[in-house]
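K.L.:
Please find coords-v9.pdb (PDB, C-alpha atoms, pLDDT in the B column) on the next line:
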```
MODEL        1
ATOM      1  CA  MET N  19      -7.164 -27.002 -52.191  1.00 50.00           C
ATOM      2  CA  LEU N  20      -9.506 -28.410 -49.507  1.00 45.00           C
ATOM      3  CA  LYS N  21      -6.522 -30.018 -47.784  1.00 50.00           C
ATOM      4  CA  LYS N  22      -4.686 -26.643 -47.633  1.00 48.00           C
ATOM      5  CA  ILE N  23      -7.765 -24.944 -46.148  1.00 45.00           C
ATOM      6  CA  SER N  24      -8.130 -27.726 -43.564  1.00 43.00           C
ATOM      7  CA  ILE N  25      -4.471 -27.384 -42.561  1.00 48.00           C
ATOM      8  CA  LEU N  26      -4.812 -23.598 -42.328  1.00 38.00           C
ATOM      9  CA  LEU N  27      -7.966 -23.875 -40.186  1.00 40.00           C
ATOM     10  CA  ALA N  28      -6.320 -26.455 -37.922  1.00 42.00           C
ATOM     11  CA  PHE N  29      -3.292 -24.171 -37.524  1.00 45.00           C
ATOM     12  CA  LEU N  30      -5.510 -21.163 -36.715  1.00 39.00           C
ATOM     13  CA  PHE N  31      -7.541 -23.209 -34.223  1.00 42.00           C
ATOM     14  CA  ILE N  32      -4.393 -24.309 -32.420  1.00 45.00           C
ATOM     15  CA  LEU N  33      -2.973 -20.779 -32.483  1.00 43.00           C
ATOM     16  CA  PHE N  34      -6.113 -19.148 -31.086  1.00 45.00           C
ATOM     17  CA  SER N  35      -6.690 -21.809 -28.463  1.00 42.00           C
ATOM     18  CA  PHE N  36      -3.516 -20.617 -26.714  1.00 45.00           C
ATOM     19  CA  THR N  37      -4.203 -16.884 -26.849  1.00 41.00           C
ATOM     20  CA  LYS N  38      -5.870 -16.516 -23.466  1.00 45.00           C
ATOM     21  CA  VAL N  39      -4.112 -13.681 -21.699  1.00 51.00           C
ATOM     22  CA  LYS N  40      -1.375 -15.625 -19.932  1.00 60.00           C
ATOM     23  CA  HIS N  41       2.212 -14.598 -19.637  1.00 60.00           C
ATOM     24  CA  PRO N  42       4.952 -17.140 -20.265  1.00 71.00           C
ATOM     25  CA  TYR N  43       7.209 -15.866 -17.498  1.00 81.00           C
ATOM     26  CA  HIS N  44       6.789 -15.187 -13.795  1.00 92.00           C
ATOM     27  CA  VAL N  45       8.406 -11.965 -12.728  1.00 94.00           C
ATOM     28  CA  GLY N  46       7.792  -9.308 -10.133  1.00 96.00           C
ATOM     29  CA  SER N  47       9.648  -6.244  -8.964  1.00 97.00           C
ATOM     30  CA  VAL N  48      10.329  -4.873  -5.515  1.00 98.00           C
ATOM     31  CA  GLU N  49      11.625  -1.335  -5.000  1.00 98.00           C
ATOM     32  CA  ILE N  50      13.090  -0.528  -1.581  1.00 98.00           C
ATOM     33  CA  ASN N  51      13.493   3.237  -1.475  1.00 98.00           C
ATOM     34  CA  TYR N  52      14.972   5.041   1.539  1.00 98.00           C
ATOM     35  CA  ASN N  53      13.139   8.296   2.270  1.00 97.00           C
ATOM     36  CA  SER N  54      15.645  10.538   4.049  1.00 96.00           C
ATOM     37  CA  LYS N  55      12.887  12.892   5.279  1.00 97.00           C
ATOM     38  CA  SER N  56      10.774  10.247   7.011  1.00 98.00           C
ATOM     39  CA  LYS N  57      13.860   8.065   7.670  1.00 98.00           C
ATOM     40  CA  THR N  58      11.933   5.009   6.523  1.00 98.00           C
ATOM     41  CA  PHE N  59      12.162   2.582   3.646  1.00 98.00           C
ATOM     42  CA  GLU N  60       9.167   2.801   1.326  1.00 98.00           C
ATOM     43  CA  ILE N  61       8.690  -0.541  -0.381  1.00 98.00           C
ATOM     44  CA  THR N  62       6.621  -1.209  -3.483  1.00 98.00           C
ATOM     45  CA  GLY N  63       6.117  -4.700  -4.843  1.00 98.00           C
ATOM     46  CA  ARG N  64       4.590  -5.040  -8.314  1.00 97.00           C
ATOM     47  CA  PHE N  65       3.215  -8.389  -9.513  1.00 97.00           C
ATOM     48  CA  PHE N  66       0.925  -9.772 -12.174  1.00 95.00           C
ATOM     49  CA  LEU N  67      -2.604  -9.773 -10.792  1.00 94.00           C
ATOM     50  CA  ASP N  68      -3.404 -13.369 -11.757  1.00 93.00           C
ATOM     51  CA  ASP N  69      -0.134 -14.650 -10.285  1.00 95.00           C
ATOM     52  CA  LEU N  70      -0.807 -12.900  -6.975  1.00 96.00           C
ATOM     53  CA  GLU N  71      -4.395 -14.203  -6.857  1.00 95.00           C
ATOM     54  CA  ASN N  72      -3.128 -17.725  -7.447  1.00 95.00           C
ATOM     55  CA  GLY N  73      -0.277 -17.348  -4.930  1.00 96.00           C
ATOM     56  CA  LEU N  74      -2.662 -16.155  -2.212  1.00 97.00           C
ATOM     57  CA  SER N  75      -5.192 -18.867  -3.056  1.00 96.00           C
ATOM     58  CA  LYS N  76      -2.542 -21.583  -2.859  1.00 96.00           C
ATOM     59  CA  LYS N  77      -1.137 -20.193   0.408  1.00 97.00           C
ATOM     60  CA  TYR N  78      -4.448 -19.706   2.219  1.00 97.00           C
ATOM     61  CA  GLY N  79      -6.593 -22.407   0.570  1.00 96.00           C
ATOM     62  CA  LYS N  80      -9.415 -20.136  -0.586  1.00 95.00           C
ATOM     63  CA  PRO N  81     -10.123 -17.964  -3.622  1.00 94.00           C
ATOM     64  CA  PHE N  82      -9.084 -14.332  -3.892  1.00 94.00           C
ATOM     65  CA  HIS N  83     -10.393 -12.016  -6.578  1.00 93.00           C
ATOM     66  CA  PHE N  84      -8.871  -8.625  -7.201  1.00 93.00           C
ATOM     67  CA  ASN N  85     -11.143  -6.128  -8.973  1.00 87.00           C
ATOM     68  CA  ASP N  86     -14.047  -7.317  -6.786  1.00 90.00           C
ATOM     69  CA  VAL N  87     -14.763  -4.992  -3.837  1.00 91.00           C
ATOM     70  CA  LYS N  88     -16.336  -7.719  -1.703  1.00 92.00           C
ATOM     71  CA  TYR N  89     -12.870  -9.325  -1.391  1.00 93.00           C
ATOM     72  CA  LYS N  90     -11.013  -6.111  -0.423  1.00 94.00           C
ATOM     73  CA  ALA N  91     -10.853  -6.718   3.363  1.00 96.00           C
ATOM     74  CA  GLN N  92      -9.924 -10.371   2.837  1.00 96.00           C
ATOM     75  CA  ILE N  93      -7.208  -9.374   0.333  1.00 97.00           C
ATOM     76  CA  ASN N  94      -5.790  -6.721   2.673  1.00 97.00           C
ATOM     77  CA  GLU N  95      -5.500  -9.230   5.504  1.00 98.00           C
ATOM     78  CA  ALA N  96      -3.963 -11.878   3.232  1.00 98.00           C
ATOM     79  CA  LEU N  97      -1.450  -9.433   1.701  1.00 98.00           C
ATOM     80  CA  LYS N  98      -0.442  -8.183   5.151  1.00 98.00           C
ATOM     81  CA  ASN N  99       0.314 -11.752   6.291  1.00 98.00           C
ATOM     82  CA  TYR N 100       1.824 -12.813   2.963  1.00 98.00           C
ATOM     83  CA  SER N 101       4.180  -9.814   2.871  1.00 98.00           C
ATOM     84  CA  ALA N 102       5.265 -10.418   6.475  1.00 98.00           C
ATOM     85  CA  GLU N 103       6.249 -13.977   5.558  1.00 97.00           C
ATOM     86  CA  TYR N 104       7.847 -13.393   2.143  1.00 98.00           C
ATOM     87  CA  PHE N 105       9.654 -10.064   2.703  1.00 98.00           C
ATOM     88  CA  LYS N 106      12.242  -9.267   5.380  1.00 98.00           C
ATOM     89  CA  LEU N 107      14.529  -6.253   5.618  1.00 98.00           C
ATOM     90  CA  LYS N 108      17.639  -5.780   7.695  1.00 97.00           C
ATOM     91  CA  THR N 109      19.923  -2.748   7.972  1.00 96.00           C
ATOM     92  CA  ASP N 110      23.243  -2.642   9.730  1.00 90.00           C
ATOM     93  CA  ASN N 111      22.593  -6.153  11.149  1.00 92.00           C
ATOM     94  CA  GLU N 112      19.192  -5.236  12.664  1.00 95.00           C
ATOM     95  CA  PHE N 113      15.845  -6.513  11.376  1.00 97.00           C
ATOM     96  CA  LEU N 114      13.378  -3.719  10.668  1.00 98.00           C
ATOM     97  CA  LYS N 115       9.701  -3.872  11.506  1.00 98.00           C
ATOM     98  CA  ILE N 116       7.771  -3.686   8.235  1.00 98.00           C
ATOM     99  CA  ASN N 117       4.240  -2.313   8.142  1.00 98.00           C
ATOM    100  CA  TYR N 118       1.724  -3.189   5.468  1.00 98.00           C
ATOM    101  CA  VAL N 119       0.269   0.045   4.025  1.00 98.00           C
ATOM    102  CA  GLY N 120      -2.097  -1.242   1.339  1.00 98.00           C
ATOM    103  CA  TYR N 121      -2.402  -2.193  -2.293  1.00 97.00           C
ATOM    104  CA  GLU N 122      -3.533  -0.805  -5.636  1.00 96.00           C
ATOM    105  CA  GLU N 123      -4.596  -2.782  -8.650  1.00 93.00           C
ATOM    106  CA  ASP N 124      -5.216  -2.302 -12.318  1.00 83.00           C
ATOM    107  CA  SER N 125      -6.422  -4.783 -14.898  1.00 80.00           C
ATOM    108  CA  GLU N 126      -3.127  -6.692 -15.061  1.00 89.00           C
ATOM    109  CA  SER N 127      -0.999  -5.903 -12.017  1.00 94.00           C
ATOM    110  CA  VAL N 128      -1.061  -5.224  -8.297  1.00 96.00           C
ATOM    111  CA  ASN N 129       1.174  -2.874  -6.319  1.00 97.00           C
ATOM    112  CA  ILE N 130       1.749  -3.795  -2.682  1.00 98.00           C
ATOM    113  CA  TYR N 131       2.905  -0.947  -0.413  1.00 98.00           C
ATOM    114  CA  LEU N 132       4.987  -1.473   2.717  1.00 98.00           C
ATOM    115  CA  GLU N 133       6.948   0.881   4.978  1.00 98.00           C
ATOM    116  CA  SER N 134       9.708   0.196   7.479  1.00 98.00           C
ATOM    117  CA  GLU N 135      10.166   1.596  10.913  1.00 98.00           C
ATOM    118  CA  LYS N 136      12.556   4.568  11.153  1.00 98.00           C
ATOM    119  CA  VAL N 137      16.250   3.960  10.650  1.00 97.00           C
ATOM    120  CA  GLU N 138      19.133   6.456  10.622  1.00 94.00           C
ATOM    121  CA  ASN N 139      21.540   6.518   7.658  1.00 92.00           C
ATOM    122  CA  PRO N 140      21.542   2.864   6.585  1.00 96.00           C
ATOM    123  CA  LYS N 141      24.861   1.691   5.159  1.00 94.00           C
ATOM    124  CA  LYS N 142      24.318  -2.035   4.797  1.00 96.00           C
ATOM    125  CA  VAL N 143      21.000  -3.410   3.527  1.00 97.00           C
ATOM    126  CA  GLU N 144      20.028  -7.070   3.499  1.00 97.00           C
ATOM    127  CA  ALA N 145      16.712  -8.333   2.188  1.00 98.00           C
ATOM    128  CA  ALA N 146      14.944 -11.646   1.882  1.00 98.00           C
ATOM    129  CA  VAL N 147      12.471 -11.490  -0.989  1.00 98.00           C
ATOM    130  CA  SER N 148      10.520 -14.593  -1.959  1.00 97.00           C
ATOM    131  CA  PHE N 149       7.194 -13.313  -3.287  1.00 97.00           C
ATOM    132  CA  LEU N 150       5.384 -16.001  -5.301  1.00 96.00           C
ATOM    133  CA  TYR N 151       8.061 -18.632  -4.618  1.00 96.00           C
ATOM    134  CA  ASN N 152       5.222 -20.643  -3.050  1.00 94.00           C
ATOM    135  CA  LEU N 153       3.609 -20.842  -6.504  1.00 93.00           C
ATOM    136  CA  PHE N 154       6.299 -20.863  -9.200  1.00 94.00           C
ATOM    137  CA  ASP N 155       9.690 -22.539  -9.323  1.00 93.00           C
ATOM    138  CA  ASP N 156      10.728 -20.148 -12.114  1.00 94.00           C
ATOM    139  CA  GLN N 157       9.746 -16.924 -10.303  1.00 96.00           C
ATOM    140  CA  ILE N 158      12.104 -13.968 -10.765  1.00 96.00           C
ATOM    141  CA  ASN N 159      11.995 -10.966  -8.443  1.00 97.00           C
ATOM    142  CA  LEU N 160      13.869  -7.875  -9.573  1.00 97.00           C
ATOM    143  CA  VAL N 161      14.896  -5.960  -6.467  1.00 97.00           C
ATOM    144  CA  HIS N 162      15.972  -2.316  -6.515  1.00 97.00           C
ATOM    145  CA  ILE N 163      17.409  -0.639  -3.417  1.00 97.00           C
ATOM    146  CA  ILE N 164      17.715   3.144  -3.528  1.00 97.00           C
ATOM    147  CA  ILE N 165      19.460   5.188  -0.855  1.00 97.00           C
ATOM    148  CA  ASN N 166      20.166   8.903  -1.390  1.00 94.00           C
ATOM    149  CA  GLY N 167      19.765   8.515  -5.140  1.00 94.00           C
ATOM    150  CA  ASN N 168      22.208   5.599  -5.297  1.00 96.00           C
ATOM    151  CA  ARG N 169      20.363   2.686  -6.943  1.00 96.00           C
ATOM    152  CA  LYS N 170      21.533  -0.921  -6.776  1.00 97.00           C
ATOM    153  CA  SER N 171      19.574  -3.692  -8.452  1.00 96.00           C
ATOM    154  CA  GLU N 172      19.689  -7.448  -8.306  1.00 96.00           C
ATOM    155  CA  LYS N 173      17.761 -10.286  -9.914  1.00 96.00           C
ATOM    156  CA  LEU N 174      16.634 -13.014  -7.528  1.00 97.00           C
ATOM    157  CA  THR N 175      15.640 -16.249  -9.232  1.00 96.00           C
ATOM    158  CA  TYR N 176      13.940 -19.061  -7.324  1.00 95.00           C
ATOM    159  CA  PRO N 177      15.151 -20.444  -4.935  1.00 95.00           C
ATOM    160  CA  ASN N 178      17.603 -17.570  -4.246  1.00 96.00           C
ATOM    161  CA  ARG N 179      15.907 -15.087  -1.931  1.00 97.00           C
ATOM    162  CA  TYR N 180      18.724 -13.196  -0.210  1.00 97.00           C
ATOM    163  CA  LEU N 181      20.550 -10.072  -1.270  1.00 96.00           C
ATOM    164  CA  PHE N 182      23.056  -7.778   0.357  1.00 96.00           C
ATOM    165  CA  GLN N 183      24.062  -4.259  -0.687  1.00 96.00           C
ATOM    166  CA  GLN N 184      26.571  -1.861   0.823  1.00 96.00           C
ATOM    167  CA  PHE N 185      26.036   1.904   0.481  1.00 94.00           C
TER     168      PHE N 185
ENDMDL
END
```
Step by step, read the file and then write its structure as structure tokens.
P.N.:
Amino acid sequence: MLKKISILLAFLFILFSFTKVKHPYHVGSVEINYNSKSKTFEITGRFFLDDLENGLSKKYGKPFHFNDVKYKAQINEALKNYSAEYFKLKTDNEFLKINYVGYEEDSESVNIYLESEKVENPKKVEAAVSFLYNLFDDQINLVHIIINGNRKSEKLTYPNRYLFQQF
């Protein structure tokens, strides 16, 4: 009986030692939505908060802490630079200027907001999306491009970062 209890306790100890809130996969999503009124692409990237903190820390060699207001200016600057490096958008063979708008966070995820310069009636969209590739070699980015209600999605798995869609 004592042996069974010892085995059960050992099993429970092992089980609970791995229950820290970690996710076993590395995935983010990027939605590239064309707004026909403003004639811009509105881009939203959504990532796990801890992954983004670690990606920024690895990239810039210093700690970043979401949910701590004293880091907000530092995070905004880092996300602006990070997004400029790891996200590119091209329509009809022309690169678009992408502006960093800001970010929102909750307890587990971060939304990054970007907006393109104006573009008239895009027909061909190319994107280079490599968020968190600097941190994980199993990163998956789900990319959704929406133009005039027509949605096309693609899964980019490290190291693949390029996608092309015709509308």
K.L.:
Since I can't run it myself right now, could you work out what the PyMOL selection byres ((chain N and resi 50) around 7) selects here and report it as a list of chain:residue names?
P.N.:
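That selection, the PyMOL selection byres ((chain N and resi 50) around 7), comes back as N:Val48, N:Glu49, N:Asn51, N:Tyr52, N:Phe59, N:Glu60, N:Ile61, N:Thr62, N:His162, N:Ile163, N:Ile164.
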K.L.:
Applied to the shown file, which residues does the PyMOL selection byres ((chain N and resi 69-71) around 12) return, written as a PyMOL selection string?
P.N.:
chain N and resi 40-46+63-68+72-86+89+92-93+96-97+100-101+121+123+126-130+149-154+157
K.L.:
I'd like the box whose edges run along x, y and z of the file and which contains every listed atom of range 89-104 of chain N, padded by 3 Å per side; could you state its centre and edge lengths in Å, one decimal, as AutoDock Vina command-line options?
P.N.:
```
--center_x -2.5 --center_y -10.0 --center_z 2.5 --size_x 26.7 --size_y 13.9 --size_z 13.9
```
K.L.:
Rounded to one decimal in Å, what is the spacing between CA of Asn99 in chain N and CA of Thr175 in chain N?
P.N.:
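The value is 22.3 Å.
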K.L.:
Between CA of Ile165 in chain N and CA of Asn117 in chain N, what is the distance in Å, rounded to a tenth?
P.N.:
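Atom-to-atom, CA of Ile165 in chain N and CA of Asn117 in chain N are spaced 19.2 Å apart.
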K.L.:
Nearest to Ala145 in chain N: which of N:Leu181, N:Val119, N:Ala91, N:Leu174 is it, counting all atoms listed in the file?
P.N.:
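Checking each of N:Leu181, N:Val119, N:Ala91, N:Leu174 against Ala145 in chain N, counting all atoms listed in the file, the winner is N:Leu181.
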K.L.:
How many Å separate CA of Ile116 in chain N from CA of Glu172 in chain N?
P.N.:
20.7 Å
K.L.:
Determine the nearest neighbour of Phe182 in chain N from the options N:Asn159, N:Asn111, N:Ser125, N:Asn139, counting all atoms listed in the file.
P.N.:
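Among N:Asn159, N:Asn111, N:Ser125, N:Asn139, it is N:Asn111 that comes nearest to Phe182 in chain N.
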K.L.:
Considering all atoms listed in the file, can you say which of N:Phe113, N:Phe185, N:Tyr180, N:Tyr118 comes closest to Val137 in chain N?
P.N.:
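Nearest candidate to Val137 in chain N out of N:Phe113, N:Phe185, N:Tyr180, N:Tyr118: N:Phe113.
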K.L.:
Select, from N:Asp124, N:Tyr176, N:Lys115, N:Leu132, the residue with the minimum atom-to-atom distance to Lys98 in chain N, counting all atoms listed in the file.
P.N.:
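Counting all atoms listed in the file, the residue closest to Lys98 in chain N is N:Leu132.
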